[in-house]
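Structure record follows, encoded as structure tokens.
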Protein chains: 2
Amino acid sequence: MSQCDVGYHRHMARWQPDARGRLEAAAFELFRERGFEQTTVADIAARAGLDKRTFYRLFGDKREALFSGSGHLEEVLVKAVAETDAAPFEAVVAAFRRVAEEIFADRLDLVRARQTIIESSPELQERELRKTGSLVAAVTAALRARGLDETTATLATESGVTVFRVAYARWVAPDNDAPLSDLIAEVAAELRAITSATG
Amino acid sequence: MSQCDVGYHRHMARWQPDARGRLEAAAFELFRERGFEQTTVADIAARAGLDKRTFYRLFGDKREALFSGSGHLEEVLVKAVAETDAAPFEAVVAAFRRVAEEIFADRLDLVRARQTIIESSPELQERELRKTGSLVAAVTAALRARGLDETTATLATESGVTVFRVAYARWVAPDNDAPLSDLIAEVAAELRAITSATG
DNA sequence: AGTGCCGATGTCACCTTGCGACATAACCGT
DNA sequence: ACGGTTATGTCGCAAGGTGACATCGGCACT
């Protein structure tokens, strides 16, 4: 996050601080008020008191304004995976539980609002899928760095992500009040049951 | 370029047949020749002897020209899942093996070319992810129609898709020559091993 | 045959996304 | 005070994508 926290000098700053944060906030508000499609980049920039061109210097495209946090998530997850020596699938699940507590735990309302926005736009759903894909790649790489072969690393990561996705969906559901971390543990157990069935 | 080679009735046919197919073919060729980003919709339409506007009547956007087959795949998969009574995960894996034989088996070269195109463009990767998502939803619905609960259905489907994805990646890899169906079976076994580890 | 509707296509005008190139003005070290 | 750096604004443009209307062949009905 960055950015000149300019304090206040005798001369008024030419630029308000934290342009990026203001743009993110403006985008979030507008997406909620009018919906993603009905909001133009010019609208977002205007509300943040900036120019459209500035938006594109800070974000690759309109969708990115909603996904700034995903880099951080990836970092934490990779670190958690790298620091444990549990079996691969267990390591990924444990990493997600840690992330659940460090990042998501206290933000249910925010996450729900964000989720509502994403569900309203196919474009945003695509982007979320892509972020997940990048996260899978990063975690898989972290597992491989521990000496695991490609297939094992990929399967453990993808299975872990599946568990997280299902648990996350339950967590944001309107009637839920269980903590995400617990839901992850439950879903992981269910997955084990399903794949070990004798059919 | 084009056209007016119309055969020869007394009255010239106004339109060449199979506009959609011609556009798909034109798009595929151009994406291979110049790449996805360097190809404009106007280019595609011109090669097919049609107008840009016509393209947008047949495809929602530029990416869709590469994904017309995915509806068919979804159909076959859903049918295969609905017709079996095996345990959920096994049912999904079996369905994918059937699809592997009915749809993919004889088209390795085509699939590889298509895969190369997709890998060259983040936009196309996003779209592929979305298609997979829609497929997951359809298969999950098919499982639920068999009386399974939401979580079990989702986990079985997602795990099955994970298996397919990994097997598919191996299949299209340049050095592979094993049939997709066999690879799916192998990967499914590996997944079972990984999730049942005691850690 | 004539009439008229329907459906596929073309044409035109338009908005938005996203980017390259250049201008501007505050900040910073010297 | 000076020059360089950095963040921002301005301008123009290619391409994606869409709405409205025109065109013309095929088809049904008379």
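Labeling convention for the structure tokens: chains A, B, ... as they appear, residues from 1 per chain, ligands from 1 in order of appearance.
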
Chain B contacts to chain C at 12 Å (only C-alpha atoms (C1' of nucleotides)) as a PDB file with N, CA and C atoms, in the first residue's frame:
```
ATOM      1  N   ARG B  14     -28.649 -15.666 -51.466  1.00  0.00           N
ATOM      2  CA  ARG B  14     -28.166 -14.422 -50.873  1.00  0.00           C
ATOM      3  C   ARG B  14     -27.052 -14.669 -49.867  1.00  0.00           C
ATOM      4  N   TRP B  15     -27.195 -15.746 -49.123  1.00  0.00           N
ATOM      5  CA  TRP B  15     -26.191 -15.984 -48.088  1.00  0.00           C
ATOM      6  C   TRP B  15     -25.512 -17.337 -48.249  1.00  0.00           C
ATOM      7  N   GLN B  16     -24.250 -17.377 -48.043  1.00  0.00           N
ATOM      8  CA  GLN B  16     -23.535 -18.653 -47.964  1.00  0.00           C
ATOM      9  C   GLN B  16     -24.043 -19.409 -46.739  1.00  0.00           C
ATOM     10  N   PRO B  17     -24.041 -20.727 -46.793  1.00  0.00           N
ATOM     11  CA  PRO B  17     -24.550 -21.483 -45.645  1.00  0.00           C
ATOM     12  C   PRO B  17     -23.559 -21.502 -44.480  1.00  0.00           C
ATOM     13  N   ASP B  18     -24.068 -21.811 -43.303  1.00  0.00           N
ATOM     14  CA  ASP B  18     -23.236 -22.049 -42.116  1.00  0.00           C
ATOM     15  C   ASP B  18     -22.359 -20.873 -41.732  1.00  0.00           C
ATOM     16  N   ALA B  19     -22.974 -19.752 -41.611  1.00  0.00           N
ATOM     17  CA  ALA B  19     -22.228 -18.552 -41.231  1.00  0.00           C
ATOM     18  C   ALA B  19     -21.453 -18.792 -39.933  1.00  0.00           C
ATOM     19  N   ARG B  20     -22.097 -19.430 -39.001  1.00  0.00           N
ATOM     20  CA  ARG B  20     -21.463 -19.659 -37.706  1.00  0.00           C
ATOM     21  C   ARG B  20     -20.199 -20.502 -37.825  1.00  0.00           C
ATOM     22  N   GLY B  49     -16.351 -13.627 -44.833  1.00  0.00           N
ATOM     23  CA  GLY B  49     -17.228 -12.977 -45.796  1.00  0.00           C
ATOM     24  C   GLY B  49     -18.491 -12.415 -45.156  1.00  0.00           C
ATOM     25  N   LEU B  50     -18.344 -11.956 -43.927  1.00  0.00           N
ATOM     26  CA  LEU B  50     -19.502 -11.437 -43.204  1.00  0.00           C
ATOM     27  C   LEU B  50     -19.149 -10.112 -42.541  1.00  0.00           C
ATOM     28  N   ASP B  51     -20.135  -9.552 -41.902  1.00  0.00           N
ATOM     29  CA  ASP B  51     -19.930  -8.269 -41.249  1.00  0.00           C
ATOM     30  C   ASP B  51     -19.657  -8.464 -39.760  1.00  0.00           C
ATOM     31  N   LYS B  52     -18.942  -7.522 -39.200  1.00  0.00           N
ATOM     32  CA  LYS B  52     -18.671  -7.517 -37.759  1.00  0.00           C
ATOM     33  C   LYS B  52     -19.958  -7.687 -36.946  1.00  0.00           C
ATOM     34  N   ARG B  53     -20.999  -6.972 -37.372  1.00  0.00           N
ATOM     35  CA  ARG B  53     -22.257  -7.050 -36.631  1.00  0.00           C
ATOM     36  C   ARG B  53     -22.817  -8.466 -36.616  1.00  0.00           C
ATOM     37  N   THR B  54     -22.664  -9.152 -37.696  1.00  0.00           N
ATOM     38  CA  THR B  54     -23.157 -10.524 -37.773  1.00  0.00           C
ATOM     39  C   THR B  54     -22.421 -11.423 -36.786  1.00  0.00           C
ATOM     40  N   PHE B  55     -21.123 -11.189 -36.666  1.00  0.00           N
ATOM     41  CA  PHE B  55     -20.365 -11.947 -35.671  1.00  0.00           C
ATOM     42  C   PHE B  55     -20.997 -11.803 -34.292  1.00  0.00           C
ATOM     43  N   TYR B  56     -21.318 -10.588 -33.928  1.00  0.00           N
ATOM     44  CA  TYR B  56     -21.849 -10.360 -32.582  1.00  0.00           C
ATOM     45  C   TYR B  56     -23.278 -10.870 -32.415  1.00  0.00           C
ATOM     46  N   ARG B  57     -23.949 -11.165 -33.548  1.00  0.00           N
ATOM     47  CA  ARG B  57     -25.261 -11.789 -33.408  1.00  0.00           C
ATOM     48  C   ARG B  57     -25.125 -13.280 -33.102  1.00  0.00           C
ATOM     49  N   LEU B  58     -24.045 -13.874 -33.559  1.00  0.00           N
ATOM     50  CA  LEU B  58     -23.861 -15.319 -33.371  1.00  0.00           C
ATOM     51  C   LEU B  58     -23.009 -15.649 -32.148  1.00  0.00           C
TER      52      LEU B  58
END
```

Which residues of segment 92-158 of chain B have any atom within 12 Å of an atom in segment 178-193 of chain A when counting only C-alpha atoms, and what is the closest pair of atoms for each, with the distance in Å to one decimal? Order the rows by chain and rising number and write it as a tab-separated table.
```
residue	atom	partner	partner_atom	distance
B:Asp149	CA	A:Glu190	CA	11.8
B:Glu150	CA	A:Glu190	CA	11.8
B:Thr151	CA	A:Val187	CA	8.1
B:Thr152	CA	A:Glu190	CA	7.5
B:Ala153	CA	A:Leu191	CA	10.5
B:Thr154	CA	A:Leu191	CA	9.8
B:Leu155	CA	A:Leu191	CA	6.3
B:Ala156	CA	A:Leu191	CA	7.8
B:Thr157	CA	A:Leu191	CA	10.9
B:Glu158	CA	A:Leu191	CA	10.1
```

Counting only C-alpha atoms (C1' of nucleotides), which residues from chain D have an atom at most 9 Å from any atom of chain A, and could you show them as a PDB file with C-alpha atoms (C1' of nucleotides), in the first residue's frame?
```
ATOM      1  C1'  DA D   7       2.150  11.542 -10.043  1.00  0.00           C
ATOM      2  C1'  DT D   8      -1.317  13.400 -12.481  1.00  0.00           C
ATOM      3  C1'  DG D   9      -4.097  15.520 -16.394  1.00  0.00           C
TER       4       DG D   9
END
```

Neighbour list for Val111 of chain B as a ChimeraX atom specification, cut-off 12 Å, only C-alpha atoms (C1' of nucleotides), skip fewer than 2 positions in-chain: /B:28,66-67,69,100,103-109,113-118,168-169,171-174,180

Exercise answer, chain A residues close to chain B, 7 Å and only C-alpha atoms, as a PyMOL selection string: chain A and resi 86-87+89-90+126-127+129-130+155-156+158-159+162+191-192+194-196+199

Superposition output for chain A against chain B, all Cα paired in order, as a CSV table (one decimal) with C-alpha atoms, in the first residue's frame:
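File part17.csv, as written:
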```csv
chain,number,residue,atom,x,y,z
A,1,MET,CA,-24.5,-25.9,-36.4
A,2,SER,CA,-27.1,-25.0,-38.6
A,3,GLN,CA,-27.1,-23.0,-41.4
A,4,CYS,CA,-28.6,-23.2,-44.8
A,5,ASP,CA,-26.6,-25.6,-46.7
A,6,VAL,CA,-27.7,-23.8,-49.7
A,7,GLY,CA,-26.5,-26.2,-52.3
A,8,TYR,CA,-26.4,-24.3,-55.6
A,9,HIS,CA,-29.4,-22.7,-57.2
A,10,ARG,CA,-29.4,-20.9,-60.5
A,11,HIS,CA,-29.0,-17.7,-58.7
A,12,MET,CA,-25.8,-17.4,-56.8
A,13,ALA,CA,-26.4,-17.2,-53.1
A,14,ARG,CA,-26.0,-13.8,-51.7
A,15,TRP,CA,-24.3,-15.2,-48.7
A,16,GLN,CA,-21.7,-17.8,-48.5
A,17,PRO,CA,-22.8,-20.7,-46.4
A,18,ASP,CA,-21.8,-21.3,-42.8
A,19,ALA,CA,-20.9,-17.8,-41.8
A,20,ARG,CA,-20.3,-19.0,-38.2
A,21,GLY,CA,-18.0,-21.7,-39.2
A,22,ARG,CA,-16.0,-19.4,-41.5
A,23,LEU,CA,-15.7,-16.9,-38.7
A,24,GLU,CA,-14.5,-19.6,-36.3
A,25,ALA,CA,-11.9,-20.8,-38.8
A,26,ALA,CA,-10.7,-17.3,-39.6
A,27,ALA,CA,-10.4,-16.5,-35.9
A,28,PHE,CA,-8.4,-19.6,-35.3
A,29,GLU,CA,-6.0,-19.0,-38.1
A,30,LEU,CA,-5.5,-15.4,-37.2
A,31,PHE,CA,-5.0,-16.1,-33.5
A,32,ARG,CA,-2.3,-18.6,-34.5
A,33,GLU,CA,-0.6,-16.2,-37.1
A,34,ARG,CA,-0.6,-13.0,-35.1
A,35,GLY,CA,-1.8,-13.9,-31.6
A,36,PHE,CA,-5.1,-13.1,-30.0
A,37,GLU,CA,-4.4,-9.5,-28.9
A,38,GLN,CA,-3.0,-8.5,-32.2
A,39,THR,CA,-6.1,-9.7,-34.0
A,40,THR,CA,-9.1,-7.4,-34.2
A,41,VAL,CA,-12.6,-8.5,-34.8
A,42,ALA,CA,-12.6,-6.5,-38.0
A,43,ASP,CA,-9.6,-8.6,-39.1
A,44,ILE,CA,-11.5,-11.8,-38.4
A,45,ALA,CA,-14.7,-10.6,-40.2
A,46,ALA,CA,-12.7,-9.4,-43.2
A,47,ARG,CA,-11.0,-12.8,-43.6
A,48,ALA,CA,-14.3,-14.5,-43.4
A,49,GLY,CA,-15.7,-12.1,-46.0
A,50,LEU,CA,-18.2,-10.6,-43.5
A,51,ASP,CA,-18.7,-7.5,-41.5
A,52,LYS,CA,-17.6,-6.8,-37.9
A,53,ARG,CA,-21.2,-6.4,-36.9
A,54,THR,CA,-22.1,-9.8,-38.2
A,55,PHE,CA,-19.4,-11.3,-36.0
A,56,TYR,CA,-21.1,-9.8,-32.9
A,57,ARG,CA,-24.4,-11.2,-33.9
A,58,LEU,CA,-23.0,-14.8,-33.9
A,59,PHE,CA,-20.6,-14.4,-31.0
A,60,GLY,CA,-21.0,-12.5,-27.8
A,61,ASP,CA,-17.4,-11.3,-27.9
A,62,LYS,CA,-14.1,-11.9,-29.5
A,63,ARG,CA,-13.2,-14.8,-27.1
A,64,GLU,CA,-16.2,-16.8,-27.9
A,65,ALA,CA,-15.0,-17.6,-31.4
A,66,LEU,CA,-12.6,-20.0,-29.7
A,67,PHE,CA,-15.1,-21.7,-27.4
A,68,SER,CA,-17.9,-22.8,-29.6
A,69,GLY,CA,-17.3,-26.5,-28.9
A,70,SER,CA,-17.8,-26.2,-25.2
A,71,GLY,CA,-21.5,-26.3,-25.3
A,72,HIS,CA,-21.4,-29.7,-27.0
A,73,LEU,CA,-18.9,-31.0,-24.4
A,74,GLU,CA,-21.3,-29.9,-21.7
A,75,GLU,CA,-24.1,-31.8,-23.3
A,76,VAL,CA,-22.3,-35.0,-23.7
A,77,LEU,CA,-21.0,-34.9,-20.2
A,78,VAL,CA,-24.3,-34.2,-18.6
A,79,LYS,CA,-25.9,-37.0,-20.6
A,80,ALA,CA,-23.2,-39.4,-19.5
A,81,VAL,CA,-23.6,-38.4,-15.9
A,82,ALA,CA,-27.4,-38.7,-16.0
A,83,GLU,CA,-27.3,-42.2,-17.6
A,84,THR,CA,-25.2,-44.0,-15.0
A,85,ASP,CA,-26.0,-44.9,-11.5
A,86,ALA,CA,-22.5,-45.3,-10.2
A,87,ALA,CA,-21.4,-43.4,-7.1
A,88,PRO,CA,-21.1,-39.7,-7.7
A,89,PHE,CA,-17.3,-39.3,-8.0
A,90,GLU,CA,-17.0,-42.4,-10.1
A,91,ALA,CA,-19.9,-41.3,-12.3
A,92,VAL,CA,-18.2,-38.0,-13.1
A,93,VAL,CA,-14.9,-39.6,-13.8
A,94,ALA,CA,-16.6,-42.2,-16.1
A,95,ALA,CA,-18.4,-39.4,-17.9
A,96,PHE,CA,-15.1,-37.6,-18.5
A,97,ARG,CA,-13.6,-40.8,-19.9
A,98,ARG,CA,-16.5,-41.1,-22.3
A,99,VAL,CA,-16.0,-37.6,-23.4
A,100,ALA,CA,-12.3,-38.2,-23.8
A,101,GLU,CA,-13.1,-40.9,-26.3
A,102,GLU,CA,-16.1,-39.3,-28.1
A,103,ILE,CA,-14.8,-35.8,-28.5
A,104,PHE,CA,-11.0,-35.5,-27.9
A,105,ALA,CA,-9.5,-38.8,-28.9
A,106,ASP,CA,-8.8,-38.0,-32.6
A,107,ARG,CA,-8.0,-34.4,-32.3
A,108,LEU,CA,-4.7,-34.1,-30.4
A,109,ASP,CA,-3.1,-31.7,-32.9
A,110,LEU,CA,-6.1,-29.4,-33.0
A,111,VAL,CA,-6.4,-29.4,-29.3
A,112,ARG,CA,-2.7,-28.6,-28.8
A,113,ALA,CA,-2.9,-25.7,-31.3
A,114,ARG,CA,-5.9,-24.3,-29.4
A,115,GLN,CA,-4.2,-24.8,-26.1
A,116,THR,CA,-1.2,-22.8,-27.3
A,117,ILE,CA,-3.4,-19.9,-28.3
A,118,ILE,CA,-5.2,-20.0,-24.9
A,119,GLU,CA,-2.0,-20.0,-23.0
A,120,SER,CA,-0.8,-16.9,-24.7
A,121,SER,CA,-3.6,-14.8,-23.5
A,122,PRO,CA,-4.9,-14.1,-20.0
A,123,GLU,CA,-8.2,-13.1,-21.4
A,124,LEU,CA,-8.7,-16.4,-23.0
A,125,GLN,CA,-7.6,-18.2,-19.9
A,126,GLU,CA,-10.3,-16.4,-18.0
A,127,ARG,CA,-12.8,-17.4,-20.5
A,128,GLU,CA,-11.8,-21.0,-20.3
A,129,LEU,CA,-12.2,-20.9,-16.6
A,130,ARG,CA,-15.6,-19.5,-17.0
A,131,LYS,CA,-16.6,-22.3,-19.4
A,132,THR,CA,-15.4,-24.8,-16.9
A,133,GLY,CA,-17.5,-23.1,-14.3
A,134,SER,CA,-20.6,-23.4,-16.4
A,135,LEU,CA,-19.8,-27.0,-17.0
A,136,VAL,CA,-19.4,-27.7,-13.3
A,137,ALA,CA,-22.8,-26.1,-12.7
A,138,ALA,CA,-24.4,-28.3,-15.3
A,139,VAL,CA,-22.9,-31.5,-14.1
A,140,THR,CA,-23.7,-30.7,-10.5
A,141,ALA,CA,-27.3,-30.1,-11.5
A,142,ALA,CA,-27.3,-33.5,-13.2
A,143,LEU,CA,-26.1,-35.2,-10.1
A,144,ARG,CA,-28.7,-33.4,-8.0
A,145,ALA,CA,-31.3,-34.5,-10.3
A,146,ARG,CA,-30.3,-38.0,-9.3
A,147,GLY,CA,-31.2,-37.1,-5.7
A,148,LEU,CA,-27.8,-36.2,-4.3
A,149,ASP,CA,-27.5,-33.3,-1.9
A,150,GLU,CA,-25.8,-30.1,-3.0
A,151,THR,CA,-22.5,-30.6,-1.2
A,152,THR,CA,-22.0,-34.1,-2.4
A,153,ALA,CA,-22.9,-33.2,-5.9
A,154,THR,CA,-20.6,-30.2,-5.9
A,155,LEU,CA,-17.6,-32.0,-4.4
A,156,ALA,CA,-17.9,-34.9,-6.7
A,157,THR,CA,-18.1,-32.7,-9.7
A,158,GLU,CA,-15.3,-30.4,-8.7
A,159,SER,CA,-13.1,-33.4,-7.9
A,160,GLY,CA,-13.9,-35.0,-11.2
A,161,VAL,CA,-13.1,-31.7,-13.0
A,162,THR,CA,-9.8,-31.5,-11.2
A,163,VAL,CA,-8.9,-35.0,-12.3
A,164,PHE,CA,-9.8,-34.2,-15.9
A,165,ARG,CA,-7.8,-31.0,-15.8
A,166,VAL,CA,-4.7,-32.7,-14.6
A,167,ALA,CA,-5.1,-35.5,-17.1
A,168,TYR,CA,-5.8,-33.1,-19.9
A,169,ALA,CA,-2.6,-31.1,-19.1
A,170,ARG,CA,-0.6,-34.3,-19.3
A,171,TRP,CA,-2.3,-35.3,-22.5
A,172,VAL,CA,-1.5,-32.1,-24.4
A,173,ALA,CA,2.1,-32.0,-23.0
A,174,PRO,CA,4.5,-32.3,-25.9
A,175,ASP,CA,6.0,-35.6,-24.8
A,176,ASN,CA,2.8,-37.5,-24.1
A,177,ASP,CA,1.4,-40.3,-26.2
A,178,ALA,CA,-1.0,-42.0,-23.9
A,179,PRO,CA,-4.7,-41.8,-24.6
A,180,LEU,CA,-6.6,-39.2,-22.5
A,181,SER,CA,-9.0,-41.8,-21.2
A,182,ASP,CA,-6.2,-43.8,-19.6
A,183,LEU,CA,-4.6,-40.7,-18.1
A,184,ILE,CA,-7.9,-39.8,-16.5
A,185,ALA,CA,-8.1,-43.2,-14.8
A,186,GLU,CA,-4.6,-42.9,-13.5
A,187,VAL,CA,-5.1,-39.4,-12.1
A,188,ALA,CA,-8.3,-40.5,-10.4
A,189,ALA,CA,-6.4,-43.2,-8.6
A,190,GLU,CA,-3.8,-40.7,-7.5
A,191,LEU,CA,-6.5,-38.4,-6.1
A,192,ARG,CA,-8.0,-41.2,-4.1
A,193,ALA,CA,-4.6,-41.9,-2.6
A,194,ILE,CA,-4.0,-38.3,-1.7
A,195,THR,CA,-7.2,-37.6,0.0
A,196,SER,CA,-7.3,-40.8,2.0
A,197,ALA,CA,-3.8,-40.3,3.4
A,198,THR,CA,-3.9,-40.4,7.2
A,199,GLY,CA,-1.6,-37.3,7.5
```

All alpha helix (DSSP H) positions in chain B, as a VMD selection string: chain B and resid 19 to 34 41 to 47 52 to 58 70 to 83 88 to 99 108 to 119 122 to 145 150 to 172 180 to 195

Would you mind exporting the chosen residues as a compact mmCIF listing (two decimals), in the first residue's frame, restricted to C-alpha atoms?
```txt
# COMPACT_ATOMS: atom_id res chain seq x y z
CA ALA B 19 -22.23 -18.55 -41.23
CA ARG B 20 -21.46 -19.66 -37.71
CA GLY B 21 -19.16 -22.45 -38.77
CA ARG B 22 -17.31 -20.19 -41.16
CA LEU B 23 -16.79 -17.63 -38.43
CA GLU B 24 -15.48 -20.25 -36.03
CA ALA B 25 -13.08 -21.55 -38.63
CA ALA B 26 -11.92 -18.07 -39.57
CA ALA B 27 -11.37 -17.18 -35.94
CA PHE B 28 -9.41 -20.36 -35.27
CA GLU B 29 -7.15 -19.76 -38.27
CA LEU B 30 -6.52 -16.14 -37.48
CA PHE B 31 -5.83 -16.80 -33.81
CA ARG B 32 -3.20 -19.27 -34.88
CA GLU B 33 -1.70 -17.03 -37.54
CA ARG B 34 -1.53 -13.73 -35.65
CA VAL B 41 -13.49 -9.13 -34.87
CA ALA B 42 -13.60 -7.22 -38.14
CA ASP B 43 -10.74 -9.44 -39.40
CA ILE B 44 -12.64 -12.59 -38.52
CA ALA B 45 -15.82 -11.41 -40.13
CA ALA B 46 -13.99 -10.32 -43.26
CA ARG B 47 -12.34 -13.71 -43.68
CA LYS B 52 -18.67 -7.52 -37.76
CA ARG B 53 -22.26 -7.05 -36.63
CA THR B 54 -23.16 -10.52 -37.77
CA PHE B 55 -20.37 -11.95 -35.67
CA TYR B 56 -21.85 -10.36 -32.58
CA ARG B 57 -25.26 -11.79 -33.41
CA LEU B 58 -23.86 -15.32 -33.37
CA SER B 70 -18.17 -26.64 -24.64
CA GLY B 71 -21.93 -26.84 -24.64
CA HIS B 72 -21.78 -30.23 -26.27
CA LEU B 73 -19.23 -31.45 -23.75
CA GLU B 74 -21.47 -30.37 -20.93
CA GLU B 75 -24.39 -32.27 -22.41
CA VAL B 76 -22.52 -35.52 -22.80
CA LEU B 77 -21.05 -35.26 -19.34
CA VAL B 78 -24.37 -34.58 -17.67
CA LYS B 79 -25.97 -37.47 -19.49
CA ALA B 80 -23.20 -39.81 -18.46
CA VAL B 81 -23.47 -38.76 -14.83
CA ALA B 82 -27.23 -39.10 -14.82
CA GLU B 83 -27.20 -42.59 -16.27
CA PRO B 88 -20.61 -39.75 -6.68
CA PHE B 89 -16.89 -39.29 -7.20
CA GLU B 90 -16.63 -42.52 -9.18
CA ALA B 91 -19.60 -41.46 -11.29
CA VAL B 92 -17.98 -38.19 -12.25
CA VAL B 93 -14.66 -39.80 -13.06
CA ALA B 94 -16.38 -42.43 -15.18
CA ALA B 95 -18.31 -39.72 -17.00
CA PHE B 96 -15.11 -37.91 -17.84
CA ARG B 97 -13.57 -41.11 -19.14
CA ARG B 98 -16.54 -41.55 -21.40
CA VAL B 99 -16.22 -38.01 -22.64
CA LEU B 108 -5.29 -34.60 -30.16
CA ASP B 109 -3.82 -32.31 -32.81
CA LEU B 110 -6.80 -30.04 -32.88
CA VAL B 111 -6.95 -29.90 -29.11
CA ARG B 112 -3.25 -29.09 -28.89
CA ALA B 113 -3.57 -26.25 -31.35
CA ARG B 114 -6.53 -24.88 -29.44
CA GLN B 115 -4.67 -25.24 -26.17
CA THR B 116 -1.74 -23.28 -27.54
CA ILE B 117 -4.04 -20.44 -28.47
CA ILE B 118 -5.67 -20.39 -25.06
CA GLU B 119 -2.37 -20.42 -23.25
CA PRO B 122 -5.16 -14.43 -20.26
CA GLU B 123 -8.55 -13.41 -21.59
CA LEU B 124 -9.04 -16.84 -23.08
CA GLN B 125 -7.84 -18.55 -19.93
CA GLU B 126 -10.45 -16.63 -17.98
CA ARG B 127 -13.11 -17.74 -20.38
CA GLU B 128 -12.05 -21.35 -20.17
CA LEU B 129 -12.24 -21.19 -16.40
CA ARG B 130 -15.75 -19.83 -16.70
CA LYS B 131 -16.78 -22.62 -19.02
CA THR B 132 -15.44 -25.10 -16.52
CA GLY B 133 -17.44 -23.36 -13.83
CA SER B 134 -20.62 -23.71 -15.80
CA LEU B 135 -19.82 -27.35 -16.38
CA VAL B 136 -19.30 -27.88 -12.65
CA ALA B 137 -22.69 -26.35 -11.97
CA ALA B 138 -24.38 -28.59 -14.52
CA VAL B 139 -22.77 -31.78 -13.26
CA THR B 140 -23.46 -30.86 -9.66
CA ALA B 141 -27.10 -30.34 -10.54
CA ALA B 142 -27.18 -33.75 -12.20
CA LEU B 143 -25.81 -35.36 -9.04
CA ARG B 144 -28.28 -33.53 -6.88
CA ALA B 145 -31.04 -34.81 -9.10
CA GLU B 150 -25.34 -30.07 -2.09
CA THR B 151 -21.96 -30.44 -0.42
CA THR B 152 -21.40 -34.02 -1.50
CA ALA B 153 -22.43 -33.23 -5.04
CA THR B 154 -20.16 -30.20 -5.24
CA LEU B 155 -17.15 -31.94 -3.76
CA ALA B 156 -17.51 -34.96 -6.00
CA THR B 157 -17.85 -32.77 -9.07
CA GLU B 158 -14.98 -30.47 -8.22
CA SER B 159 -12.72 -33.38 -7.41
CA GLY B 160 -13.65 -35.06 -10.65
CA VAL B 161 -12.91 -31.90 -12.57
CA THR B 162 -9.58 -31.57 -10.83
CA VAL B 163 -8.70 -35.08 -11.90
CA PHE B 164 -9.75 -34.33 -15.45
CA ARG B 165 -7.78 -31.10 -15.57
CA VAL B 166 -4.57 -32.73 -14.44
CA ALA B 167 -5.04 -35.66 -16.80
CA TYR B 168 -5.87 -33.34 -19.65
CA ALA B 169 -2.74 -31.31 -19.03
CA ARG B 170 -0.65 -34.48 -19.22
CA TRP B 171 -2.48 -35.59 -22.33
CA VAL B 172 -1.81 -32.46 -24.34
CA LEU B 180 -6.74 -39.54 -22.09
CA SER B 181 -9.04 -42.10 -20.58
CA ASP B 182 -6.13 -44.01 -19.05
CA LEU B 183 -4.58 -40.86 -17.70
CA ILE B 184 -7.83 -39.98 -15.97
CA ALA B 185 -7.88 -43.32 -14.20
CA GLU B 186 -4.29 -42.91 -13.06
CA VAL B 187 -4.80 -39.42 -11.73
CA ALA B 188 -7.97 -40.44 -9.90
CA ALA B 189 -5.96 -43.07 -8.07
CA GLU B 190 -3.34 -40.51 -7.12
CA LEU B 191 -5.96 -38.17 -5.76
CA ARG B 192 -7.35 -40.92 -3.57
CA ALA B 193 -3.90 -41.57 -2.21
CA ILE B 194 -3.28 -37.95 -1.40
CA THR B 195 -6.52 -37.21 0.39
```
